[in-house]
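Novice: Below are the structure tokens for one structure; questions will follow.
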Amino acid sequence: MMVDGRLQRALAIYAKGNQIKRVDGSTYKVKSQSGNGWHLVTKKGEEWSCECPDHTYRQVACMHIQSTLFSLTLRDSIITSPDTIPRSEETEPNECTYCHSSRIVKRAIRRNLRGLTQRYWCKACNRRFVVDLGFSRMKASPQVITASLDLFFKGVSLRKITDHVKQFYNLKVNCSTILRWIQRYTELMEGYASDLVPKVSEKWHADETVENVNGKNRWLWNLMDSESRFLIASRLTKARTDRDARNLFLDGLDRAKKAPTTIVTDGLVSYANAYDETLRYKGTKHIRKPRFIDLANNNRIERLHSSMRERTKVMRGFDTDSTANETMQGYRLYYNFIRPHMALDGQTPAQAANLELGLGRNRWKSMITQSTENGRRPPKETENKAKYRKRAAIGVVRRYKKGKASLTWLQGMIAYLRNKKGLTEHEIKQVLRYMDAGNLSHLLSTFF
């Protein structure tokens, strides 16, 4: 029995791994086995062509075409298999994630509850890795995780989400697992989204609403752009003091990198005092207590509060301030980047604010992928350590604010947490903002 030599060499090319790269739907690159670069394999209609001499002069299906066809056949069989969920939109890496060497090959396929994941091996550092699109080492598939995130911020309870996942994805998870997904990816995306500067209009709206935290009232302050509906800043506080309103305005100025010409608020005295301390000297006009029939009313931000209640009324309140902050932080991401707005012709507020990220159909997945590609990483084994550092820093600042410790002690403890526990500048800024201790930032800036 005669065996086709081209077919054997095509199978050998595919077995090596990392020899076939997809350019687009009809163009592929196959590495030359003689070391002369890459051969371009293209499809025109139903015909395949290759740049190699074997196909050019003999007009036969060369080993590069056959290896490409074999790769496509195997890929289609995996995608259509009812038993597995492959990683969609996975790209082949060009270098090792550890040593950045280009000497990488495919080495085995990981198969678990989330489906198939291609693993790679680096010949230079002898380490294995996978393409990290933000879902590395997660048992559930990206489809399940992003669907859970979307359902949660649409107002579905955690237990109902677990039932949905079991019915439609045949995956049994605990409601606490879904809560950890929400916390994990909210922190990841917030680190990426906070660096984006929206292009906002000259008129802003500010208002506050009450939230129930363990039976006590907390005030959620929101600052919104009028034209794009972009939620610029939000804060959760225990009271409605001048300092709380001032910090809201300062957060807005820091995020937008500009001051508005007009700001609309209700008649709360704290807004007027905070305006005098922050925005008056920037030429901003303050409109207080607008009527419903006025052109410059606060209806738009009141509509935002109604949308937020779709989420909070299902929870019947929060257990702790930190849980409330995390949930509101995640909802701000959902409102700005994920949720389309009917008044904006189906655009999200981020798109209306000139933040065109090209998120595609599954906005959650694209947002997580972009956050990972831009240097952010989901919290893994260091998650508990980071929470410990923040809790320790909060305790240190609280002790100083109560007058139980001196400034020297405060600086010494912050230096210890930085040098020994890895406290970062971003973490101490979060702590100072949470503790309303922004006046200490200049005293601690020398440590970072």
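Residue numbering restarts at 1 for every chain of the structure tokens, chains are lettered A, B, ... in their displayed order, and ligands are numbered from 1 as they appear.
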Quick one: which stretch 290-404 of chain A residues come within 7 Å of stretch 201-211 of chain A, and what is the nearest atom pair for each with the distance in Å to one decimal, counting only C-alpha atoms, rows ordered by chain and ascending number, as JSON lines?

Specialist:
{"residue": "A:Asn298", "atom": "CA", "partner": "A:His205", "partner_atom": "CA", "distance": 6.5}
{"residue": "A:Ile301", "atom": "CA", "partner": "A:His205", "partner_atom": "CA", "distance": 6.5}
{"residue": "A:Gly317", "atom": "CA", "partner": "A:Glu211", "partner_atom": "CA", "distance": 7.0}

Novice: Restricting it to N, CA and C atoms, dump the selection as a short mmCIF file (atom, residue, chain, number, x, y, z; two decimals), in the first residue's frame.

Specialist:
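The resulting selection_12.cif:
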data_model
loop_
_atom_site.label_atom_id
_atom_site.label_comp_id
_atom_site.auth_asym_id
_atom_site.auth_seq_id
_atom_site.Cartn_x
_atom_site.Cartn_y
_atom_site.Cartn_z
N ASN A 298 -32.98 67.85 37.35
CA ASN A 298 -32.13 66.71 37.74
C ASN A 298 -32.78 65.37 37.41
N ILE A 301 -30.37 62.15 36.48
CA ILE A 301 -29.69 61.39 37.54
C ILE A 301 -30.70 60.70 38.44
N GLY A 317 -30.90 45.20 50.87
CA GLY A 317 -29.86 45.81 51.70
C GLY A 317 -28.54 45.06 51.62
#

Novice: List the spatial neighbours of stretch 169-173 of chain A as a PyMOL selection string - criterion: any atom at most 10 Å away, only C-alpha atoms, same-chain residues fewer than 2 positions off excluded.

Specialist: chain A and resi 113-114+140-141+143-144+159+161-167+175-178

Novice: Show me, as JSON lines, the residues of stretch 209-277 of chain A having an atom within 7 Å of stretch 323-345 of chain A, each with the closest atom pair and its distance in Å, using only C-alpha atoms.

Specialist:
{"residue": "A:Phe230", "atom": "CA", "partner": "A:Asn336", "partner_atom": "CA", "distance": 5.9}
{"residue": "A:Leu231", "atom": "CA", "partner": "A:Asn336", "partner_atom": "CA", "distance": 6.4}
{"residue": "A:Leu236", "atom": "CA", "partner": "A:Asn325", "partner_atom": "CA", "distance": 6.7}

Novice: Do you know which residues are at most 8 Å from A:Thr278 counting only C-alpha atoms, after dropping those on the same chain fewer than 5 positions away, and could you put them as an MDAnalysis selection string?

Specialist: chainID A and resid 246 249:250

Novice: May I have the selected residues written with N, CA and C atoms, as a PDB file, in the first residue's frame?

Specialist:
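Contents of the output file selection-v9.pdb:
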ATOM      1  N   ARG A 246     -17.768  67.545  48.938  1.00  0.00           N
ATOM      2  CA  ARG A 246     -16.511  68.049  48.368  1.00  0.00           C
ATOM      3  C   ARG A 246     -15.693  66.914  47.754  1.00  0.00           C
ATOM      4  N   PHE A 249     -17.041  65.983  44.322  1.00  0.00           N
ATOM      5  CA  PHE A 249     -16.623  66.908  43.265  1.00  0.00           C
ATOM      6  C   PHE A 249     -15.151  66.702  42.906  1.00  0.00           C
ATOM      7  N   LEU A 250     -14.315  66.459  43.912  1.00  0.00           N
ATOM      8  CA  LEU A 250     -12.890  66.247  43.640  1.00  0.00           C
ATOM      9  C   LEU A 250     -12.669  64.955  42.845  1.00  0.00           C
TER      10      LEU A 250
END

Novice: In stretch 309-444 of chain A, what's helix (DSSP H, G or I) per DSSP? Answer as a PyMOL selection string?

Specialist: chain A and resi 309-315+321-338+342-344+349-352+363-373+383-401+407-421+425-434+438-444

Novice: Atoms to include: C-alpha atoms. Write the selected residues as a short mmCIF file (atom, residue, chain, number, x, y, z; two decimals), in the first residue's frame.

Specialist:
data_model
loop_
_atom_site.label_atom_id
_atom_site.label_comp_id
_atom_site.auth_asym_id
_atom_site.auth_seq_id
_atom_site.Cartn_x
_atom_site.Cartn_y
_atom_site.Cartn_z
CA ARG A 309 -32.82 50.11 42.56
CA GLU A 310 -33.46 47.28 40.11
CA ARG A 311 -30.29 45.74 41.57
CA THR A 312 -30.46 46.81 45.23
CA LYS A 313 -34.14 46.03 45.88
CA VAL A 314 -33.49 42.33 45.16
CA MET A 315 -30.70 42.25 47.76
CA ASP A 321 -19.98 48.90 53.83
CA SER A 322 -17.30 47.05 51.84
CA THR A 323 -19.91 44.83 50.16
CA ALA A 324 -21.97 47.89 49.27
CA ASN A 325 -18.91 49.65 47.84
CA GLU A 326 -17.93 46.63 45.73
CA THR A 327 -21.46 46.22 44.37
CA MET A 328 -21.82 49.90 43.49
CA GLN A 329 -18.39 49.86 41.88
CA GLY A 330 -19.43 46.93 39.72
CA TYR A 331 -22.73 48.58 38.84
CA ARG A 332 -20.88 51.71 37.72
CA LEU A 333 -18.87 49.56 35.30
CA TYR A 334 -22.04 47.87 34.08
CA TYR A 335 -23.88 51.17 33.62
CA ASN A 336 -21.00 52.93 31.81
CA PHE A 337 -19.58 50.18 29.59
CA ILE A 338 -22.10 47.34 29.27
CA MET A 342 -32.23 53.97 24.82
CA ALA A 343 -31.82 57.76 24.92
CA LEU A 344 -28.37 57.34 23.34
CA PRO A 349 -22.52 55.96 28.06
CA ALA A 350 -18.85 55.08 27.44
CA GLN A 351 -19.42 55.11 23.68
CA ALA A 352 -21.25 58.44 23.95
CA ARG A 363 -19.14 43.21 26.20
CA TRP A 364 -18.29 41.57 29.53
CA LYS A 365 -15.83 39.15 27.95
CA SER A 366 -14.21 41.80 25.77
CA MET A 367 -13.87 44.14 28.75
CA ILE A 368 -12.19 41.43 30.84
CA THR A 369 -9.87 40.50 27.96
CA GLN A 370 -8.84 44.10 27.35
CA SER A 371 -8.23 44.63 31.06
CA THR A 372 -5.93 41.60 31.08
CA GLU A 373 -4.11 42.61 27.89
CA GLU A 383 -6.03 38.09 46.82
CA ASN A 384 -6.15 37.35 50.54
CA LYS A 385 -2.81 39.10 51.07
CA ALA A 386 -4.08 42.24 49.34
CA LYS A 387 -7.21 42.23 51.52
CA TYR A 388 -5.02 41.83 54.61
CA ARG A 389 -2.86 44.80 53.58
CA LYS A 390 -5.91 47.00 53.07
CA ARG A 391 -7.50 45.95 56.36
CA ALA A 392 -4.24 46.61 58.18
CA ALA A 393 -3.86 50.02 56.56
CA ILE A 394 -7.48 50.91 57.42
CA GLY A 395 -6.83 49.99 61.05
CA VAL A 396 -3.68 52.11 61.14
CA VAL A 397 -5.41 55.17 59.67
CA ARG A 398 -8.46 54.73 61.92
CA ARG A 399 -6.24 54.59 65.03
CA TYR A 400 -4.49 57.80 63.99
CA LYS A 401 -7.75 59.63 63.23
CA LEU A 407 1.93 60.88 63.01
CA THR A 408 5.36 59.28 63.42
CA TRP A 409 3.74 55.98 64.35
CA LEU A 410 1.40 56.25 61.35
CA GLN A 411 4.28 56.84 58.94
CA GLY A 412 6.27 53.98 60.47
CA MET A 413 3.41 51.52 60.12
CA ILE A 414 2.72 52.54 56.50
CA ALA A 415 6.43 52.12 55.73
CA TYR A 416 6.34 48.66 57.35
CA LEU A 417 3.30 47.59 55.30
CA ARG A 418 4.99 48.85 52.14
CA ASN A 419 8.40 47.24 52.73
CA LYS A 420 7.35 43.98 54.39
CA LYS A 421 3.83 43.32 53.12
CA GLU A 425 0.43 53.33 46.22
CA HIS A 426 -2.89 52.45 44.60
CA GLU A 427 -3.97 50.52 47.73
CA ILE A 428 -3.10 53.34 50.15
CA LYS A 429 -5.03 55.79 47.95
CA GLN A 430 -8.05 53.49 48.12
CA VAL A 431 -7.71 53.29 51.91
CA LEU A 432 -7.44 57.07 52.34
CA ARG A 433 -10.44 57.60 50.08
CA TYR A 434 -12.46 54.99 51.98
CA GLY A 438 -7.40 62.68 51.84
CA ASN A 439 -5.52 65.26 53.94
CA LEU A 440 -2.95 62.54 54.77
CA SER A 441 -2.04 61.81 51.14
CA HIS A 442 0.72 64.45 51.02
CA LEU A 443 2.20 63.13 54.29
CA LEU A 444 2.41 59.55 52.94
#

Novice: Mind giving me the straight-line distance from atom CA of A:Gly360 to atom CA of A:Arg184 in Å, one decimal?

Specialist: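 About the pair atom CA of A:Gly360 and atom CA of A:Arg184: they are 21.9 Å apart.
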
Novice: Could you please write out, as an NGL selection string, every residue of stretch 31-265 of chain A that DSSP assigns to strand (DSSP E or B)?

Specialist: :A and (31 or 38-44 or 47-50 or 104-112 or 115-122 or 128-130 or 203-213 or 216-225 or 231-237 or 262-265)

Novice: I'd like to know which of A:Arg240, A:Gln19, A:Lys139, A:Asp150 is closest to A:Asn94, using only C-alpha atoms.

Specialist: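 Using only C-alpha atoms, the shortest distance to A:Asn94 belongs to A:Gln19.
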
Novice: Taking into account only C-alpha atoms, which residue in the set A:Asn222, A:Ser136, A:Ser148, A:Ser102 is nearest to A:Ala245?

Specialist: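 Distance minimum relative to A:Ala245 lands on A:Asn222.
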
Novice: Which residue gives the smallest distance to A:Cys96 among A:Gln118, A:Arg300, A:Cys125, A:Lys238, with only C-alpha atoms counted?

Specialist: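 With only C-alpha atoms as the atom set, the closest residue is A:Cys125.
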
Novice: Identify, on the basis of only C-alpha atoms, every residue whose closest approach to A:Asn214 does not exceed 7 Å; exclude the query and any residue fewer than 2 positions from it along the same chain; express the result as a short mmCIF file (atom, residue, chain, number, x, y, z; two decimals) with C-alpha atoms, in the first residue's frame.

Specialist:
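And here is the file that came out, out.cif:
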data_model
loop_
_atom_site.label_atom_id
_atom_site.label_comp_id
_atom_site.auth_asym_id
_atom_site.auth_seq_id
_atom_site.Cartn_x
_atom_site.Cartn_y
_atom_site.Cartn_z
CA ASN A 212 -29.62 50.12 53.54
CA LYS A 216 -28.45 51.51 58.84
CA GLY A 317 -29.86 45.81 51.70
CA PHE A 318 -26.15 45.12 52.16
CA ASP A 319 -24.36 43.37 55.01
CA THR A 320 -21.29 45.62 55.23
#

Novice: Could you tell me how far atom CA of A:Ser306 sits from atom CA of A:Thr241, in Å to one decimal place?

Specialist: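 Pair atom CA of A:Thr241 / atom CA of A:Ser306 returns 23.7 Å.
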
Novice: Report, in Å to a single decimal, how far apart atom CA of A:Ile232 and atom CA of A:Gly252 are.

Specialist: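 So the answer is 5.8 Å.
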
Novice: Counting only C-alpha atoms, what is within 12 Å of A:Asp242, bar same-chain residues fewer than 2 positions away, as a list in words?

Specialist: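 Skipping anything fewer than 2 positions along the chain leaves Thr237, Ala239, Arg240, Asp244, Ala245, Arg246, Asn247, Leu248, Phe249, Leu268, Val269, Ser270, Tyr271, Ala272, Asn273, Ala274, Tyr275, Asp276, Glu277, Thr278 and Asp436 of chain A.
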